[in-house]
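> Quick one, protein-v8.pdb (PDB, C-alpha atoms):
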ATOM      1  CA  MET A 393       5.610  25.606 -15.590  1.00  0.00           C
ATOM      2  CA  PRO A 394       7.758  22.603 -16.602  1.00  0.00           C
ATOM      3  CA  SER A 395       6.081  19.201 -16.578  1.00  0.00           C
ATOM      4  CA  LEU A 396       7.523  15.785 -15.835  1.00  0.00           C
ATOM      5  CA  ILE A 397       5.923  12.420 -16.545  1.00  0.00           C
ATOM      6  CA  LEU A 398       7.114   9.552 -14.376  1.00  0.00           C
ATOM      7  CA  VAL A 399       6.347   6.121 -15.792  1.00  0.00           C
ATOM      8  CA  GLY A 400       6.493   2.951 -13.718  1.00  0.00           C
ATOM      9  CA  ASP A 401       8.030  -0.300 -14.881  1.00  0.00           C
ATOM     10  CA  VAL A 402       8.733  -0.517 -18.623  1.00  0.00           C
ATOM     11  CA  ASN A 403       9.488  -3.981 -19.995  1.00  0.00           C
ATOM     12  CA  LEU A 404       9.938  -4.132 -23.765  1.00  0.00           C
ATOM     13  CA  MET A 405      10.818  -7.820 -24.133  1.00  0.00           C
ATOM     14  CA  ASN A 406       9.465  -9.615 -27.214  1.00  0.00           C
ATOM     15  CA  LEU A 407       8.434  -6.336 -28.839  1.00  0.00           C
ATOM     16  CA  ASP A 408       7.965  -6.416 -32.613  1.00  0.00           C
ATOM     17  CA  ASP A 409       6.535  -2.939 -33.279  1.00  0.00           C
ATOM     18  CA  PRO A 410       8.143   0.040 -31.531  1.00  0.00           C
ATOM     19  CA  ALA A 411       5.033   2.175 -32.111  1.00  0.00           C
ATOM     20  CA  VAL A 412       2.815  -0.013 -29.923  1.00  0.00           C
ATOM     21  CA  PRO A 413       3.928   0.395 -26.267  1.00  0.00           C
ATOM     22  CA  PHE A 414       3.338   4.140 -25.957  1.00  0.00           C
ATOM     23  CA  GLY A 415       1.004   4.720 -28.890  1.00  0.00           C
ATOM     24  CA  ARG A 416      -2.007   5.597 -26.760  1.00  0.00           C
ATOM     25  CA  VAL A 417      -0.089   8.037 -24.564  1.00  0.00           C
ATOM     26  CA  ARG A 418       2.297   9.502 -27.132  1.00  0.00           C
ATOM     27  CA  GLU A 419       0.440  12.813 -27.302  1.00  0.00           C
ATOM     28  CA  ALA A 420       0.466  13.264 -23.517  1.00  0.00           C
ATOM     29  CA  PHE A 421       4.134  12.286 -23.331  1.00  0.00           C
ATOM     30  CA  ALA A 422       4.997  14.710 -26.142  1.00  0.00           C
ATOM     31  CA  GLY A 423       3.454  17.537 -24.129  1.00  0.00           C
ATOM     32  CA  ALA A 424       5.801  16.949 -21.196  1.00  0.00           C
ATOM     33  CA  ASP A 425       9.181  18.581 -20.753  1.00  0.00           C
ATOM     34  CA  ALA A 426      10.632  15.269 -19.600  1.00  0.00           C
ATOM     35  CA  VAL A 427       9.539  11.621 -19.518  1.00  0.00           C
ATOM     36  CA  PHE A 428      11.310   9.257 -17.129  1.00  0.00           C
ATOM     37  CA  GLY A 429      10.690   5.515 -16.687  1.00  0.00           C
ATOM     38  CA  ASN A 430      12.008   2.488 -14.834  1.00  0.00           C
ATOM     39  CA  LEU A 431      13.448   0.185 -17.492  1.00  0.00           C
ATOM     40  CA  GLU A 432      12.729  -3.432 -16.520  1.00  0.00           C
ATOM     41  CA  CYS A 433      14.830  -4.957 -19.292  1.00  0.00           C
ATOM     42  CA  LEU A 434      18.208  -4.520 -20.910  1.00  0.00           C
ATOM     43  CA  LEU A 435      18.606  -3.340 -24.498  1.00  0.00           C
ATOM     44  CA  TYR A 436      20.969  -6.148 -25.381  1.00  0.00           C
ATOM     45  CA  HIS A 437      21.293  -9.303 -27.477  1.00  0.00           C
ATOM     46  CA  PRO A 438      22.978 -11.815 -25.150  1.00  0.00           C
ATOM     47  CA  PRO A 439      24.900 -14.711 -26.634  1.00  0.00           C
ATOM     48  CA  ASP A 440      22.803 -17.870 -26.471  1.00  0.00           C
ATOM     49  CA  GLY A 441      19.742 -15.829 -25.410  1.00  0.00           C
ATOM     50  CA  HIS A 442      20.810 -15.287 -21.787  1.00  0.00           C
ATOM     51  CA  SER A 443      23.576 -13.665 -19.792  1.00  0.00           C
ATOM     52  CA  VAL A 444      26.543 -15.750 -18.795  1.00  0.00           C
ATOM     53  CA  GLU A 445      26.386 -14.738 -15.124  1.00  0.00           C
ATOM     54  CA  GLN A 446      22.625 -15.044 -14.489  1.00  0.00           C
ATOM     55  CA  GLU A 447      19.294 -14.799 -16.232  1.00  0.00           C
ATOM     56  CA  GLY A 448      18.007 -11.363 -17.105  1.00  0.00           C
ATOM     57  CA  PHE A 449      15.311  -9.631 -19.120  1.00  0.00           C
ATOM     58  CA  PHE A 450      16.506  -8.663 -22.597  1.00  0.00           C
ATOM     59  CA  ALA A 451      14.864  -6.624 -25.333  1.00  0.00           C
ATOM     60  CA  ASP A 452      15.968  -6.075 -28.919  1.00  0.00           C
ATOM     61  CA  PRO A 453      18.158  -2.950 -28.676  1.00  0.00           C
ATOM     62  CA  ALA A 454      16.969  -1.440 -31.953  1.00  0.00           C
ATOM     63  CA  ILE A 455      13.239  -2.064 -31.508  1.00  0.00           C
ATOM     64  CA  ALA A 456      13.058  -1.319 -27.787  1.00  0.00           C
ATOM     65  CA  GLY A 457      15.294   1.708 -28.220  1.00  0.00           C
ATOM     66  CA  GLU A 458      13.037   3.065 -30.945  1.00  0.00           C
ATOM     67  CA  ALA A 459      10.009   2.517 -28.692  1.00  0.00           C
ATOM     68  CA  LEU A 460      11.647   4.605 -25.968  1.00  0.00           C
ATOM     69  CA  LYS A 461      12.491   7.354 -28.483  1.00  0.00           C
ATOM     70  CA  LEU A 462       8.938   7.337 -29.877  1.00  0.00           C
ATOM     71  CA  GLY A 463       7.670   7.538 -26.293  1.00  0.00           C
ATOM     72  CA  GLY A 464       9.735  10.660 -25.737  1.00  0.00           C
ATOM     73  CA  PHE A 465      11.816   9.251 -22.887  1.00  0.00           C
ATOM     74  CA  CYS A 466      14.743  11.437 -21.914  1.00  0.00           C
ATOM     75  CA  ALA A 467      15.951   9.192 -19.090  1.00  0.00           C
ATOM     76  CA  VAL A 468      15.388   5.749 -17.616  1.00  0.00           C
ATOM     77  CA  GLY A 469      16.458   3.984 -14.475  1.00  0.00           C
ATOM     78  CA  MET A 470      17.732   0.465 -14.895  1.00  0.00           C
ATOM     79  CA  ALA A 471      16.026  -1.959 -12.529  1.00  0.00           C
ATOM     80  CA  ASN A 472      18.665  -3.724 -10.477  1.00  0.00           C
ATOM     81  CA  ASN A 473      16.696  -6.972 -10.393  1.00  0.00           C
ATOM     82  CA  VAL A 474      17.049  -7.497 -14.163  1.00  0.00           C
ATOM     83  CA  THR A 475      20.465  -5.989 -14.951  1.00  0.00           C
ATOM     84  CA  TYR A 476      22.643  -9.090 -14.827  1.00  0.00           C
ATOM     85  CA  GLY A 477      26.074  -9.319 -16.368  1.00  0.00           C
ATOM     86  CA  ALA A 478      28.645  -6.652 -17.091  1.00  0.00           C
ATOM     87  CA  ALA A 479      28.412  -7.039 -20.882  1.00  0.00           C
ATOM     88  CA  ALA A 480      24.613  -6.830 -20.864  1.00  0.00           C
ATOM     89  CA  THR A 481      24.515  -3.847 -18.508  1.00  0.00           C
ATOM     90  CA  LEU A 482      27.261  -1.922 -20.308  1.00  0.00           C
ATOM     91  CA  GLY A 483      25.765  -2.801 -23.701  1.00  0.00           C
ATOM     92  CA  SER A 484      22.395  -1.470 -22.620  1.00  0.00           C
ATOM     93  CA  ILE A 485      23.938   1.732 -21.273  1.00  0.00           C
ATOM     94  CA  ALA A 486      25.825   2.190 -24.545  1.00  0.00           C
ATOM     95  CA  GLN A 487      22.603   1.780 -26.558  1.00  0.00           C
ATOM     96  CA  LEU A 488      20.796   4.278 -24.325  1.00  0.00           C
ATOM     97  CA  ASP A 489      23.693   6.713 -24.791  1.00  0.00           C
ATOM     98  CA  ARG A 490      23.511   6.319 -28.581  1.00  0.00           C
ATOM     99  CA  LEU A 491      19.803   7.123 -28.379  1.00  0.00           C
ATOM    100  CA  GLY A 492      20.390  10.174 -26.195  1.00  0.00           C
ATOM    101  CA  ILE A 493      18.454   8.650 -23.290  1.00  0.00           C
TER     102      ILE A 493
END
With the file now loaded, output its structure as structure tokens.

Amino acid sequence: MPSLILVGDVNLMNLDDPAVPFGRVREAFAGADAVFGNLECLLYHPPDGHSVEQEGFFADPAIAGEALKLGGFCAVGMANNVTYGAAATLGSIAQLDRLGI
């Protein structure tokens, strides 16, 4: 029988080591057919450290993206309360696409 793991809010802001966030659950996640989470940050480097339109939650695209890959995520939702700015939102979607998430 297929298995799905649903993860609540995932915020990867200020992350330095992509192995840390899901290190303790990596084995359980690896045993699932699919892992889905609610991404509470954008994988984007905004100019001047914030979006032009409004503030948002931003995570380093490379580090946070690697954390999601190591966690085995196949899909994420993007929380509408932190996805501010067209460039930031589209940049995050592009990074997720590159990662196959």
> Nearest residue to Thr481 in chain A out of A:Ala454, A:Leu434, A:Val412, A:Leu462, using all atoms listed in the file?
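Nearest candidate to Thr481 in chain A out of A:Ala454, A:Leu434, A:Val412, A:Leu462: A:Leu434.
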> Within 12 Å of Phe428 in chain A, counting all atoms listed in the file, which residues qualify if same-chain residues fewer than 6 places away don't, as a list of chain:residue names?
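The residues satisfying every condition are A:Ser395, A:Leu396, A:Ile397, A:Leu398, A:Val399, A:Gly400, A:Asp401, A:Val402, A:Phe421, A:Leu460, A:Lys461, A:Gly463, A:Gly464, A:Phe465, A:Cys466, A:Ala467, A:Val468, A:Gly469, A:Met470, A:Ile493.
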> Nearest residue to Pro394 in chain A out of A:Asp489, A:Asp409, A:Asp425, A:Glu419, using all atoms listed in the file?
A:Asp425
> May I ask for the distance between CA of Leu488 in chain A and CA of Phe414 in chain A, given in Å to one decimal place?
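Between CA of Leu488 in chain A and CA of Phe414 in chain A the gap is 17.5 Å.
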> Here's the selection I'm unsure about, the PyMOL selection byres ((chain A and resi 452) around 10); applied to the file above, which residues does it give, as JSON, numbers by chain?
{"A": [404, 405, 406, 407, 408, 433, 434, 435, 436, 437, 438, 450, 451, 453, 454, 455, 456, 457, 458]}
> So which residues get picked by the PyMOL selection byres ((chain A and resi 474) around 10) here, written as an mmCIF file with C-alpha atoms, keeping the file's coordinate frame?

data_model
loop_
_atom_site.group_PDB
_atom_site.id
_atom_site.type_symbol
_atom_site.label_atom_id
_atom_site.label_comp_id
_atom_site.auth_asym_id
_atom_site.auth_seq_id
_atom_site.Cartn_x
_atom_site.Cartn_y
_atom_site.Cartn_z
ATOM 1 C CA LEU A 431 13.448 0.185 -17.492
ATOM 2 C CA GLU A 432 12.729 -3.432 -16.520
ATOM 3 C CA CYS A 433 14.830 -4.957 -19.292
ATOM 4 C CA LEU A 434 18.208 -4.520 -20.910
ATOM 5 C CA GLN A 446 22.625 -15.044 -14.489
ATOM 6 C CA GLU A 447 19.294 -14.799 -16.232
ATOM 7 C CA GLY A 448 18.007 -11.363 -17.105
ATOM 8 C CA PHE A 449 15.311 -9.631 -19.120
ATOM 9 C CA PHE A 450 16.506 -8.663 -22.597
ATOM 10 C CA MET A 470 17.732 0.465 -14.895
ATOM 11 C CA ALA A 471 16.026 -1.959 -12.529
ATOM 12 C CA ASN A 472 18.665 -3.724 -10.477
ATOM 13 C CA ASN A 473 16.696 -6.972 -10.393
ATOM 14 C CA THR A 475 20.465 -5.989 -14.951
ATOM 15 C CA TYR A 476 22.643 -9.090 -14.827
ATOM 16 C CA GLY A 477 26.074 -9.319 -16.368
ATOM 17 C CA THR A 481 24.515 -3.847 -18.508
#
